[in-house]
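Note: the block below is model18.txt and it holds compact mmCIF, C-alpha atoms.
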# COMPACT_ATOMS: atom_id res chain seq x y z
CA MET M 1 -98.15 73.50 47.68
CA SER M 2 -96.25 73.64 50.95
CA GLN M 3 -92.57 74.49 50.78
CA ASP M 4 -92.10 72.75 54.15
CA THR M 5 -93.44 69.36 53.11
CA ASP M 6 -92.70 69.07 49.40
CA GLY M 7 -89.25 70.62 49.48
CA ARG M 8 -88.29 68.51 52.47
CA ASN M 9 -89.39 65.25 50.87
CA ALA M 10 -87.44 65.94 47.68
CA TYR M 11 -84.23 66.47 49.64
CA LEU M 12 -84.85 63.36 51.73
CA ALA M 13 -85.23 61.31 48.56
CA THR M 14 -82.03 62.80 47.17
CA PHE M 15 -80.21 61.88 50.38
CA THR M 16 -81.37 58.27 50.13
CA ARG M 17 -79.93 58.04 46.62
CA PHE M 18 -76.75 59.82 47.70
CA GLU M 19 -76.15 57.57 50.70
CA SER M 20 -76.49 54.47 48.53
CA THR M 21 -73.54 55.65 46.43
CA LEU M 22 -71.18 55.99 49.40
CA SER M 23 -68.63 53.32 50.18
CA GLY M 24 -70.16 50.82 52.58
CA ASN M 25 -73.57 52.49 52.18
CA GLY M 26 -72.56 55.31 54.50
CA SER M 27 -71.14 53.07 57.23
CA SER M 28 -67.88 55.04 57.47
CA TRP M 29 -67.23 57.14 60.59
CA THR M 30 -69.04 60.05 58.95
CA GLY M 31 -72.17 57.97 58.40
CA ALA M 32 -73.51 58.71 61.87
CA LEU M 33 -72.97 62.46 61.33
CA ARG M 34 -74.84 62.34 58.04
CA ARG M 35 -77.78 60.36 59.38
CA GLU M 36 -78.13 62.57 62.46
CA ALA M 37 -78.07 65.65 60.26
CA ILE M 38 -80.67 64.44 57.77
CA ALA M 39 -82.88 63.35 60.66
CA ARG M 40 -82.70 66.85 62.09
CA PHE M 41 -83.57 68.31 58.71
CA GLU M 42 -86.49 65.91 58.33
CA ALA M 43 -87.85 66.96 61.72
CA ARG M 44 -87.14 70.66 61.22
CA GLY M 45 -87.79 71.25 57.53
CA PHE M 46 -87.01 74.45 55.69
CA PRO M 47 -87.41 77.73 57.61
CA THR M 48 -90.41 79.88 56.77
CA THR M 49 -91.14 83.57 57.01
CA LYS M 50 -93.26 82.84 60.10
CA GLU M 51 -89.99 82.44 62.03
CA GLU M 52 -88.46 85.63 63.38
CA ALA M 53 -84.96 84.91 62.07
CA TRP M 54 -86.33 84.31 58.55
CA ARG M 55 -89.29 86.68 58.41
CA LEU M 56 -87.66 88.88 55.77
CA THR M 57 -86.12 86.14 53.66
CA SER M 58 -88.19 83.45 51.98
CA VAL M 59 -86.33 80.31 50.92
CA ALA M 60 -89.34 79.01 49.01
CA PRO M 61 -87.45 79.27 45.67
CA ILE M 62 -84.82 76.86 47.06
CA ALA M 63 -87.35 74.48 48.60
CA ARG M 64 -89.50 74.17 45.50
CA THR M 65 -86.66 73.78 42.96
CA PRO M 66 -85.71 70.12 42.26
CA PHE M 67 -81.96 70.58 42.68
CA THR M 68 -79.83 67.54 41.98
CA LEU M 69 -76.37 66.89 43.39
CA ALA M 70 -73.82 68.34 41.00
CA PRO M 71 -71.82 65.53 39.33
CA GLY M 72 -68.20 65.63 40.36
CA THR M 73 -67.02 64.82 36.85
CA THR M 74 -68.55 67.90 35.19
CA ARG M 75 -65.89 70.45 34.28
CA ALA M 76 -67.73 72.39 31.53
CA GLY M 77 -64.54 73.78 30.02
CA VAL M 78 -63.18 75.20 33.26
CA THR M 79 -59.56 76.21 32.71
CA ALA M 80 -56.89 77.98 34.72
CA GLN M 81 -57.24 81.02 32.43
CA ILE M 82 -60.97 81.28 33.11
CA LEU M 83 -60.34 81.04 36.84
CA GLU M 84 -57.72 83.77 36.74
CA ALA M 85 -60.17 86.09 34.99
CA SER M 86 -62.87 85.45 37.58
CA THR M 87 -60.83 85.68 40.78
CA PHE M 88 -58.23 88.44 40.27
CA GLU M 89 -55.41 85.91 39.95
CA PRO M 90 -52.49 85.34 39.81
CA TRP M 91 -51.74 85.47 43.51
CA GLU M 92 -48.50 84.39 45.11
CA CYS M 93 -50.15 81.80 47.33
CA SER M 94 -51.53 78.28 47.47
CA HIS M 95 -54.82 77.59 45.69
CA LEU M 96 -57.29 74.76 46.11
CA VAL M 97 -59.92 74.73 43.37
CA PHE M 98 -63.27 72.97 43.58
CA VAL M 99 -65.63 72.58 40.63
CA ASN M 100 -69.25 71.90 41.55
CA GLY M 101 -68.12 71.09 45.07
CA ARG M 102 -65.42 68.57 44.10
CA TYR M 103 -61.67 69.01 44.31
CA ALA M 104 -59.87 69.70 41.01
CA PRO M 105 -56.19 68.83 41.63
CA ASP M 106 -55.08 69.76 38.10
CA LEU M 107 -56.34 73.32 38.62
CA SER M 108 -54.93 73.59 42.16
CA ARG M 109 -51.43 74.33 43.36
CA LEU M 110 -49.82 74.05 46.78
CA ARG M 111 -46.66 76.02 47.38
CA ALA M 112 -43.83 74.72 49.50
CA ASN M 113 -43.83 77.41 52.21
CA LEU M 114 -46.74 76.11 54.29
CA GLU M 115 -44.63 75.92 57.48
CA GLY M 116 -45.85 72.46 58.40
CA ALA M 117 -49.53 73.21 57.83
CA ARG M 118 -51.72 70.41 56.52
CA VAL M 119 -53.67 71.68 53.51
CA MET M 120 -55.79 69.19 51.59
CA ASN M 121 -59.24 68.56 50.26
CA LEU M 122 -61.73 67.34 52.83
CA ALA M 123 -62.53 64.07 51.06
CA ALA M 124 -58.90 63.04 51.42
CA ALA M 125 -58.79 64.20 55.04
CA LEU M 126 -61.91 62.20 55.92
CA ALA M 127 -60.21 59.10 54.56
CA SER M 128 -56.71 59.56 56.01
CA GLU M 129 -56.81 62.13 58.84
CA ARG M 130 -59.73 61.00 60.99
CA GLY M 131 -57.85 61.64 64.23
CA ARG M 132 -57.33 65.26 63.26
CA VAL M 133 -60.70 65.94 61.66
CA GLU M 134 -63.17 64.12 63.89
CA PRO M 135 -62.63 66.20 67.07
CA HIS M 136 -63.77 69.34 65.24
CA LEU M 137 -65.90 68.48 62.21
CA ALA M 138 -69.58 69.28 62.88
CA ARG M 139 -68.76 69.96 66.54
CA HIS M 140 -69.15 73.74 66.29
CA ALA M 141 -71.65 74.45 63.49
CA GLY M 142 -74.72 72.81 65.00
CA VAL M 143 -77.49 71.12 63.02
CA ALA M 144 -80.28 71.24 65.61
CA ASP M 145 -81.79 74.60 64.63
CA HIS M 146 -79.97 75.26 61.38
CA PRO M 147 -81.58 73.32 58.53
CA PHE M 148 -79.09 74.43 55.88
CA THR M 149 -76.16 73.39 58.09
CA ALA M 150 -77.94 70.08 58.57
CA LEU M 151 -78.26 69.67 54.79
CA ASN M 152 -74.59 70.49 54.31
CA THR M 153 -73.55 67.95 56.95
CA ALA M 154 -75.78 65.28 55.42
CA PHE M 155 -74.51 65.83 51.88
CA MET M 156 -70.88 66.82 52.55
CA GLN M 157 -68.48 65.13 50.17
CA ASP M 158 -65.62 67.51 49.70
CA GLY M 159 -64.21 70.87 50.65
CA ALA M 160 -61.04 71.89 52.42
CA PHE M 161 -59.17 70.87 55.56
CA LEU M 162 -56.51 73.20 56.95
CA GLU M 163 -54.56 72.54 60.13
CA VAL M 164 -51.76 74.83 61.29
CA PRO M 165 -49.48 73.37 63.99
CA PRO M 166 -48.80 75.25 67.23
CA GLY M 167 -46.48 78.15 66.52
CA GLY M 168 -46.77 77.74 62.77
CA ILE M 169 -46.90 80.96 60.75
CA VAL M 170 -48.12 80.51 57.18
CA PRO M 171 -46.61 83.50 55.31
CA GLU M 172 -49.01 83.58 52.34
CA PRO M 173 -52.79 83.36 52.07
CA ILE M 174 -54.44 80.04 51.29
CA HIS M 175 -57.08 80.51 48.63
CA LEU M 176 -60.08 78.20 48.31
CA LEU M 177 -61.91 78.70 45.02
CA PHE M 178 -65.37 77.17 44.66
CA VAL M 179 -66.62 77.26 41.06
CA SER M 180 -70.15 76.36 39.99
CA THR M 181 -71.13 75.57 36.42
CA THR M 182 -74.64 75.49 34.99
CA GLU M 183 -74.74 72.59 32.58
CA GLY M 184 -77.79 70.34 32.76
CA PRO M 185 -80.63 70.57 35.32
CA PRO M 186 -80.38 72.88 38.37
CA ALA M 187 -77.65 71.48 40.61
CA MET M 188 -76.53 71.96 44.19
CA SER M 189 -73.24 71.59 46.01
CA HIS M 190 -72.47 71.51 49.72
CA PRO M 191 -68.81 72.46 50.24
CA ARG M 192 -67.44 72.05 53.74
CA THR M 193 -64.33 73.74 55.16
CA LEU M 194 -62.60 73.01 58.45
CA VAL M 195 -59.76 75.21 59.76
CA VAL M 196 -57.87 74.36 62.95
CA ALA M 197 -55.25 76.91 63.99
CA GLY M 198 -52.99 75.67 66.78
CA ALA M 199 -51.77 77.71 69.73
CA GLY M 200 -49.68 80.68 68.66
CA SER M 201 -50.19 80.05 64.95
CA GLN M 202 -51.04 82.53 62.21
CA VAL M 203 -52.92 81.93 58.95
CA THR M 204 -54.93 83.81 56.33
CA LEU M 205 -57.70 82.06 54.43
CA VAL M 206 -59.63 83.31 51.40
CA GLU M 207 -62.86 81.67 50.20
CA SER M 208 -64.08 82.65 46.73
CA TYR M 209 -67.41 81.54 45.28
CA VAL M 210 -67.95 82.17 41.58
CA GLY M 211 -70.39 81.03 38.93
CA LEU M 212 -69.47 80.47 35.29
CA GLY M 213 -72.31 81.25 32.91
CA GLY M 214 -75.92 82.00 33.76
CA GLY M 215 -78.60 79.69 35.06
CA ALA M 216 -79.84 78.68 38.49
CA TYR M 217 -77.84 76.56 40.93
CA PHE M 218 -77.59 76.29 44.71
CA THR M 219 -74.44 76.59 46.82
CA ASN M 220 -74.83 75.65 50.49
CA ALA M 221 -71.49 76.16 52.25
CA VAL M 222 -70.38 75.65 55.85
CA THR M 223 -67.03 76.75 57.29
CA GLU M 224 -65.82 75.91 60.81
CA ILE M 225 -62.81 77.76 62.20
CA VAL M 226 -61.11 76.93 65.49
CA ALA M 227 -58.55 79.48 66.70
CA GLY M 228 -56.41 78.13 69.53
CA GLU M 229 -54.75 80.11 72.30
CA ASN M 230 -52.88 83.17 70.96
CA ALA M 231 -53.68 82.18 67.37
CA VAL M 232 -54.30 84.80 64.68
CA VAL M 233 -56.76 83.89 61.90
CA HIS M 234 -57.72 86.23 59.08
CA HIS M 235 -60.62 85.10 56.93
CA TYR M 236 -61.88 86.60 53.67
CA LYS M 237 -64.95 85.60 51.73
CA LEU M 238 -65.72 86.83 48.22
CA GLN M 239 -69.12 85.81 46.84
CA ARG M 240 -69.60 86.39 43.10
CA GLU M 241 -72.22 83.81 42.19
CA SER M 242 -74.29 84.19 39.01
CA ARG M 243 -77.32 86.49 39.17
CA GLU M 244 -79.69 83.47 39.05
CA ALA M 245 -77.92 81.49 41.77
CA TYR M 246 -78.90 80.76 45.36
CA HIS M 247 -76.18 81.01 47.99
CA VAL M 248 -76.54 80.06 51.65
CA ALA M 249 -73.44 80.01 53.85
CA THR M 250 -72.68 79.52 57.53
CA LEU M 251 -69.38 80.37 59.20
CA GLN M 252 -68.81 79.28 62.79
CA ALA M 253 -65.68 80.55 64.58
CA GLN M 254 -64.49 79.38 68.00
CA ILE M 255 -62.00 81.87 69.45
CA GLY M 256 -59.62 80.74 72.17
CA ARG M 257 -57.71 82.55 74.90
CA ASN M 258 -56.02 85.74 73.63
CA ALA M 259 -56.73 84.63 70.05
CA ARG M 260 -57.62 87.06 67.28
CA PHE M 261 -60.10 86.37 64.53
CA ALA M 262 -61.01 88.74 61.71
CA SER M 263 -63.51 88.11 58.93
CA HIS M 264 -64.04 90.23 55.81
CA SER M 265 -67.10 89.31 53.75
CA VAL M 266 -67.92 90.75 50.31
CA ALA M 267 -71.21 89.78 48.62
CA LEU M 268 -71.79 90.88 45.03
CA GLY M 269 -73.64 88.08 43.23
CA GLY M 270 -76.59 85.75 43.62
CA ALA M 271 -80.33 86.12 43.28
CA LEU M 272 -80.97 85.01 46.87
CA VAL M 273 -78.13 85.12 49.39
CA ARG M 274 -78.14 84.30 53.09
CA ASN M 275 -74.92 84.63 55.10
CA GLU M 276 -74.78 83.52 58.73
CA LEU M 277 -71.62 84.31 60.66
CA ASN M 278 -71.35 83.20 64.28
CA ALA M 279 -68.32 83.80 66.50
CA VAL M 280 -67.91 82.54 70.06
CA LEU M 281 -65.32 84.22 72.29
CA ASP M 282 -64.84 81.15 74.44
CA ALA M 283 -61.87 82.18 76.61
CA GLU M 284 -60.50 85.35 78.18
CA GLY M 285 -58.73 87.92 76.04
CA GLY M 286 -60.24 86.92 72.71
CA ASP M 287 -60.71 89.50 69.97
CA CYS M 288 -63.13 89.36 67.04
CA THR M 289 -63.52 91.65 64.02
CA LEU M 290 -66.33 91.28 61.49
CA ASN M 291 -66.35 93.45 58.38
CA GLY M 292 -68.87 93.07 55.58
CA LEU M 293 -69.78 94.72 52.29
CA TYR M 294 -72.75 93.91 50.07
CA VAL M 295 -73.38 95.60 46.71
CA VAL M 296 -76.57 94.50 44.97
CA ALA M 297 -78.87 95.66 42.18
CA GLY M 298 -81.80 94.49 40.07
CA ARG M 299 -83.96 92.14 42.15
CA GLN M 300 -81.13 90.64 44.19
CA HIS M 301 -81.84 89.77 47.81
CA VAL M 302 -79.00 89.53 50.35
CA ASP M 303 -79.47 88.70 54.03
CA ASN M 304 -76.61 88.96 56.56
CA HIS M 305 -77.10 87.49 60.01
CA THR M 306 -74.23 87.80 62.50
CA LEU M 307 -73.86 86.68 66.10
CA ILE M 308 -70.92 87.50 68.37
CA ASP M 309 -71.17 85.54 71.62
CA HIS M 310 -69.08 86.98 74.45
CA ALA M 311 -68.98 83.93 76.67
CA ARG M 312 -65.92 84.89 78.77
CA PRO M 313 -64.59 88.13 80.33
CA HIS M 314 -62.01 90.56 78.97
CA CYS M 315 -62.90 90.04 75.30
CA SER M 316 -63.47 92.61 72.57
CA SER M 317 -65.28 92.73 69.25
CA ARG M 318 -65.70 95.20 66.39
CA GLU M 319 -68.25 94.87 63.63
CA LEU M 320 -68.86 97.06 60.57
CA TYR M 321 -71.18 96.07 57.72
CA LYS M 322 -72.03 98.33 54.80
CA GLY M 323 -74.52 97.90 51.98
CA VAL M 324 -75.02 99.60 48.62
CA LEU M 325 -78.40 98.83 47.07
CA ASP M 326 -79.65 99.76 43.62
CA GLY M 327 -82.60 98.84 41.41
CA GLN M 328 -85.30 96.87 43.24
CA SER M 329 -82.81 95.00 45.41
CA ARG M 330 -83.47 94.05 49.01
CA GLY M 331 -81.01 93.94 51.88
CA VAL M 332 -81.36 92.51 55.38
CA PHE M 333 -78.91 92.94 58.22
CA GLU M 334 -79.47 91.43 61.64
CA GLY M 335 -76.50 91.56 63.96
CA THR M 336 -76.59 90.36 67.54
CA ILE M 337 -74.02 90.78 70.29
CA VAL M 338 -74.54 88.52 73.30
CA VAL M 339 -72.76 89.25 76.58
CA ARG M 340 -73.16 86.41 79.05
CA PRO M 341 -73.33 86.89 82.84
CA ASP M 342 -69.67 86.00 83.43
CA ALA M 343 -68.37 88.10 80.53
CA GLN M 344 -67.37 91.18 82.52
CA LYS M 345 -65.05 93.78 80.96
CA THR M 346 -66.51 93.13 77.51
CA ASP M 347 -65.82 95.82 74.90
CA ALA M 348 -68.07 95.49 71.84
CA ARG M 349 -69.07 97.82 69.02
CA GLN M 350 -71.40 97.16 66.11
CA THR M 351 -72.31 99.39 63.15
CA ASN M 352 -74.39 98.87 60.02
CA LYS M 353 -74.57 101.56 57.32
CA ASN M 354 -76.60 101.40 54.11
CA LEU M 355 -76.66 103.54 50.99
CA LEU M 356 -79.76 103.39 48.78
CA ILE M 357 -79.09 104.65 45.27
CA SER M 358 -82.52 103.81 43.93
CA GLU M 359 -86.00 104.86 45.02
CA GLU M 360 -87.09 101.22 44.82
CA ALA M 361 -84.26 99.63 46.81
CA LEU M 362 -85.10 98.55 50.35
CA VAL M 363 -83.10 97.50 53.39
CA ASP M 364 -84.10 96.26 56.84
CA THR M 365 -81.53 96.57 59.59
CA LYS M 366 -81.75 95.27 63.15
CA PRO M 367 -78.64 95.59 65.34
CA GLN M 368 -79.15 94.04 68.77
CA LEU M 369 -77.44 93.85 72.15
CA ARG M 370 -78.27 91.16 74.70
CA ILE M 371 -76.30 92.03 77.81
CA SER M 372 -76.35 89.99 81.01
CA ALA M 373 -73.29 91.58 82.64
CA ASP M 374 -72.95 95.03 84.18
CA ASP M 375 -69.27 95.97 83.73
CA VAL M 376 -69.18 96.29 79.94
CA LYS M 377 -68.77 98.82 77.12
CA CYS M 378 -71.15 98.03 74.29
CA THR M 379 -72.53 100.18 71.49
CA HIS M 380 -74.52 99.55 68.34
CA GLY M 381 -76.10 101.60 65.60
CA ALA M 382 -77.48 101.60 62.08
CA THR M 383 -78.04 104.17 59.35
CA ILE M 384 -79.89 104.18 56.03
CA GLY M 385 -79.28 107.04 53.62
CA GLN M 386 -79.29 108.17 50.03
CA ILE M 387 -76.83 109.97 47.79
CA ASP M 388 -75.98 113.31 49.41
CA GLU M 389 -77.29 115.95 47.00
CA ASP M 390 -75.07 118.65 48.51
CA ALA M 391 -72.01 116.52 47.76
CA MET M 392 -73.40 115.83 44.28
CA PHE M 393 -73.81 119.56 43.67
CA TYR M 394 -70.26 120.23 44.88
CA LEU M 395 -68.79 117.65 42.48
CA ARG M 396 -70.95 118.64 39.53
CA ALA M 397 -70.09 122.29 40.02
CA ARG M 398 -66.50 121.28 39.34
CA GLY M 399 -67.32 119.74 35.98
CA ILE M 400 -67.85 116.13 37.04
CA GLY M 401 -70.79 114.39 35.32
CA ARG M 402 -73.69 113.10 37.39
CA GLU M 403 -72.88 109.40 36.87
CA ALA M 404 -69.19 109.89 37.66
CA ALA M 405 -70.03 112.00 40.71
CA ARG M 406 -72.44 109.35 41.97
CA ASN M 407 -69.80 106.67 41.64
CA LEU M 408 -67.20 108.80 43.42
CA LEU M 409 -69.55 109.12 46.38
CA ILE M 410 -70.31 105.41 46.37
CA HIS M 411 -66.61 104.58 46.35
CA ALA M 412 -66.03 107.00 49.22
CA PHE M 413 -68.75 105.13 51.12
CA VAL M 414 -67.17 101.69 50.63
CA ASN M 415 -63.48 102.61 50.63
CA ASP M 416 -62.92 102.31 54.36
CA LEU M 417 -63.96 98.66 54.13
CA LEU M 418 -61.84 98.00 51.05
CA ASP M 419 -58.86 99.59 52.80
CA ARG M 420 -59.13 96.97 55.55
CA ILE M 421 -58.41 94.21 53.03
CA THR M 422 -54.68 93.62 53.36
CA ILE M 423 -54.29 91.20 50.42
CA ASP M 424 -53.22 93.49 47.61
CA PRO M 425 -54.53 91.47 44.59
CA LEU M 426 -57.91 91.01 46.27
CA ARG M 427 -58.28 94.65 47.23
CA ALA M 428 -57.13 95.92 43.82
CA GLY M 429 -59.39 93.48 42.02
CA LEU M 430 -62.41 94.53 44.04
CA GLU M 431 -61.68 98.21 43.46
CA CYS M 432 -61.47 97.58 39.71
CA LEU M 433 -64.59 95.42 39.72
CA LEU M 434 -66.65 98.02 41.54
CA ALA M 435 -65.36 100.75 39.26
CA THR M 436 -66.67 98.88 36.22
CA GLN M 437 -69.79 97.39 37.78
CA LEU M 438 -71.39 100.37 39.49
CA PRO M 439 -72.13 102.41 36.32
CA ARG M 440 -74.17 99.50 35.00
CA HIS M 441 -76.51 99.48 37.96
CA GLY M 442 -79.75 100.59 36.47
CA GLY M 443 -81.79 101.81 39.39
CA LYS M 444 -83.45 105.21 39.33
CA GLU M 445 -81.48 107.58 41.47
CA ALA M 446 -82.98 108.91 44.66
CA ARG M 447 -83.51 112.65 44.52
Target encoding structure tokens, full file:
Amino acid sequence: MSQDTDGRNAYLATFTRFESTLSGNGSSWTGALRREAIARFEARGFPTTKEEAWRLTSVAPIARTPFTLAPGTTRAGVTAQILEASTFEPWECSHLVFVNGRYAPDLSRLRANLEGARVMNLAAALASERGRVEPHLARHAGVADHPFTALNTAFMQDGAFLEVPPGGIVPEPIHLLFVSTTEGPPAMSHPRTLVVAGAGSQVTLVESYVGLGGGAYFTNAVTEIVAGENAVVHHYKLQRESREAYHVATLQAQIGRNARFASHSVALGGALVRNELNAVLDAEGGDCTLNGLYVVAGRQHVDNHTLIDHARPHCSSRELYKGVLDGQSRGVFEGTIVVRPDAQKTDARQTNKNLLISEEALVDTKPQLRISADDVKCTHGATIGQIDEDAMFYLRARGIGREAARNLLIHAFVNDLLDRITIDPLRAGLECLLATQLPRHGGKEAR
């Protein structure tokens, strides 16, 4: 049974039913976007392992599972207390909560100190803020060669819209919490986030994805971020889906003149995870930082694809991704830095480091440079290693047990990434989570 044909047809049928439920049968201004996107998906189909970008990650489990659109009315006992326990709350910031892809206003709270920023759920913005949303929505994250982005665009109902006016400085993070429940048949949600940071503005955004309970579900998220001239945008993503879940996410960042964009991605959950992060330095003086951490065990599979496109001169980028893999888990990292012919004076560095703490864990890493300019400074590198037995001996000789010594070394490996997280509740929560989670990883230690 072909994943390309059968999975595609099931999603097309679901789209037909979905479109019939929309007001005016999809004739709103977003109707054209949806129909173009589903047409691209119909022509393209799901990616297969015969394609270079997907050769190490099979999405057959997603294609062959009859996911239904998660009903927006299902709450499954979700309470503020449950959310606090799953996301390291309380934080002193604004929170927008989404359950199964739909906005939950009674669980959300917007604080007063937003400095003129518009913060709302996307469904409301599509209805009332067309002039602000339309110039950017689906203009940066393309659907032509990205079937999961096409699916998200076709099925988008809700998510978040954030616009910071020129010169606006939002003093506290804005937290978007996407919660999936597992009642009923396997369900899917397609949350969409659009962030527009005006010239000279500053904002910090946190996206959290969590699953309540076990069971299989599918989250397919797309985030578009536009950083205007001299804007500063800090983005954090925490992925803690259930161990049976499928998570595919695309982040597309457009970085303006002298703007700074930093992304910190942490992936802990999910059975099959694919993260695509693309940043375009589209004007002189732009700066981009990508940091990532993935900690997996059992039979988890996590795939990180990054692309930093230096399209203009005098731009810089720094990228550091680290992975800790236990059990029979599988990791994939493919990071590409593109330097275009006119992008002279580019300064770019890329590093991927992986720690295997099981003999059966496996990681594939492929850092790449594509340079078409001659006056640049670009470096890249990757390492794959195991627990250092000399360090283990040193710690054990001082009375530290083998399990505790192993975890000390793992924490030393990941701490430089955790230290780059400047939101105290998030960093402290992750440190605590890793401290309790790592001892339960059951892989056989490498010797």
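Nearest residue to M:Leu114, choosing from M:Leu418, M:Ile174, M:Ala63, M:Val280 and counting only C-alpha atoms: M:Ile174.
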Within 9 Å of file point (-74.5, 68.7, 52.7), counting all atoms listed in the file, expressed as a PDB file with C-alpha atoms, keeping the file's coordinate frame:
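Output below, filename selection05.pdb:
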ATOM      1  CA  ARG M  34     -74.840  62.340  58.040  1.00  0.00           C
ATOM      2  CA  ALA M  37     -78.070  65.650  60.260  1.00  0.00           C
ATOM      3  CA  PHE M 148     -79.090  74.430  55.880  1.00  0.00           C
ATOM      4  CA  THR M 149     -76.160  73.390  58.090  1.00  0.00           C
ATOM      5  CA  ALA M 150     -77.940  70.080  58.570  1.00  0.00           C
ATOM      6  CA  LEU M 151     -78.260  69.670  54.790  1.00  0.00           C
ATOM      7  CA  ASN M 152     -74.590  70.490  54.310  1.00  0.00           C
ATOM      8  CA  THR M 153     -73.550  67.950  56.950  1.00  0.00           C
ATOM      9  CA  ALA M 154     -75.780  65.280  55.420  1.00  0.00           C
ATOM     10  CA  PHE M 155     -74.510  65.830  51.880  1.00  0.00           C
ATOM     11  CA  MET M 156     -70.880  66.820  52.550  1.00  0.00           C
ATOM     12  CA  GLN M 157     -68.480  65.130  50.170  1.00  0.00           C
ATOM     13  CA  SER M 189     -73.240  71.590  46.010  1.00  0.00           C
ATOM     14  CA  HIS M 190     -72.470  71.510  49.720  1.00  0.00           C
ATOM     15  CA  PRO M 191     -68.810  72.460  50.240  1.00  0.00           C
ATOM     16  CA  ARG M 192     -67.440  72.050  53.740  1.00  0.00           C
ATOM     17  CA  ASN M 220     -74.830  75.650  50.490  1.00  0.00           C
ATOM     18  CA  ALA M 221     -71.490  76.160  52.250  1.00  0.00           C
ATOM     19  CA  VAL M 222     -70.380  75.650  55.850  1.00  0.00           C
TER      20      VAL M 222
END
Up to 10 Å from (-76.5, 101.6, 58.8) in the file's coordinates: name the residues, counting all atoms listed in the file, as a list in words. Leu320, Tyr321, Lys322, Gly323, Phe333, Gln350, Thr351, Asn352, Lys353, Asn354, Leu355, Val363, Asp364, Thr365, Lys366, Pro367, His380, Gly381, Ala382, Thr383, Ile384 and Gly385 of chain M
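Pairwise distance (atom CA of M:Leu268, atom CA of M:Ala361) equals 15.3 Å.
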Could you work out how far atom CA of M:Val414 lies from atom CA of M:Ser265, giving the answer in Å with one decimal?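 Answer for the atom CA of M:Ser265 to atom CA of M:Val414 separation: 12.8 Å.
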Using all atoms listed in the file, can you tell me which of M:Ala39, M:Met392, M:Leu69, M:Ala311 comes closest to M:Gly101?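 Once distances to M:Gly101 are computed over all atoms listed in the file, the minimum belongs to M:Leu69.
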Output as a tab-separated table one row per residue of stretch 208-241 of chain M within 12 Å of stretch 421-424 of chain M: the closest atom pair and its distance in Å to one decimal place, counting all atoms listed in the file, sorted by chain and residue number ascending.
residue	atom	partner	partner_atom	distance
M:His234	CA	M:Thr422	CA	9.8
M:His235	CA	M:Ile421	CA	10.2
M:Tyr236	CA	M:Ile421	CA	8.4
M:Lys237	CA	M:Ile421	CA	10.9
M:Leu238	CA	M:Ile421	CA	11.4
The distance between atom CA of M:Arg111 and atom CA of M:Pro165 is 17.1 Å
Nearest-residue call for M:Ala138, choices M:Ala343, M:Ala32, M:Ala271, M:Leu417, using all atoms listed in the file: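 The answer is M:Ala32, which sits nearest to M:Ala138.
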| said: Residues within 8 Å of M:Pro173, please, as a PyMOL selection string. Count all atoms listed in the file; anything in the same chain fewer than 6 positions from it doesn't count. | reply: chain M and resi 93-94+203-206
Could you take the residues named above and write them with C-alpha atoms, as an mmCIF file, keeping the file's coordinate frame?
data_model
loop_
_atom_site.group_PDB
_atom_site.id
_atom_site.type_symbol
_atom_site.label_atom_id
_atom_site.label_comp_id
_atom_site.auth_asym_id
_atom_site.auth_seq_id
_atom_site.Cartn_x
_atom_site.Cartn_y
_atom_site.Cartn_z
ATOM 1 C CA CYS M 93 -50.150 81.800 47.330
ATOM 2 C CA SER M 94 -51.530 78.280 47.470
ATOM 3 C CA VAL M 203 -52.920 81.930 58.950
ATOM 4 C CA THR M 204 -54.930 83.810 56.330
ATOM 5 C CA LEU M 205 -57.700 82.060 54.430
ATOM 6 C CA VAL M 206 -59.630 83.310 51.400
#
- [ ] Show which residues sit within 10 Å of M:Gly269, as a VMD selection string. Count all atoms listed in the file, and ignore same-chain residues fewer than 5 positions away.
- [x] chain M and resid 209 to 211 238 to 247 294 to 297 300 to 302
Mind completing stretch 110-116 of chain M with N, CA and C atoms? Output as a tab-separated table (two decimals), in the frame of the given file, please?
chain	number	residue	atom	x	y	z
M	110	LEU	N	-50.27	73.85	45.40
M	110	LEU	CA	-49.82	74.05	46.78
M	110	LEU	C	-48.35	74.43	46.76
M	111	ARG	N	-48.05	75.56	47.31
M	111	ARG	CA	-46.66	76.02	47.38
M	111	ARG	C	-45.95	75.36	48.55
M	112	ALA	N	-44.64	75.45	48.52
M	112	ALA	CA	-43.83	74.72	49.50
M	112	ALA	C	-43.79	75.37	50.87
M	113	ASN	N	-44.05	76.68	50.95
M	113	ASN	CA	-43.83	77.41	52.21
M	113	ASN	C	-45.07	77.41	53.09
M	114	LEU	N	-45.55	76.22	53.44
M	114	LEU	CA	-46.74	76.11	54.29
M	114	LEU	C	-46.38	75.96	55.76
M	115	GLU	N	-45.10	75.94	56.08
M	115	GLU	CA	-44.63	75.92	57.48
M	115	GLU	C	-45.27	74.80	58.29
M	116	GLY	N	-45.34	73.62	57.68
M	116	GLY	CA	-45.85	72.46	58.40
M	116	GLY	C	-47.36	72.34	58.43
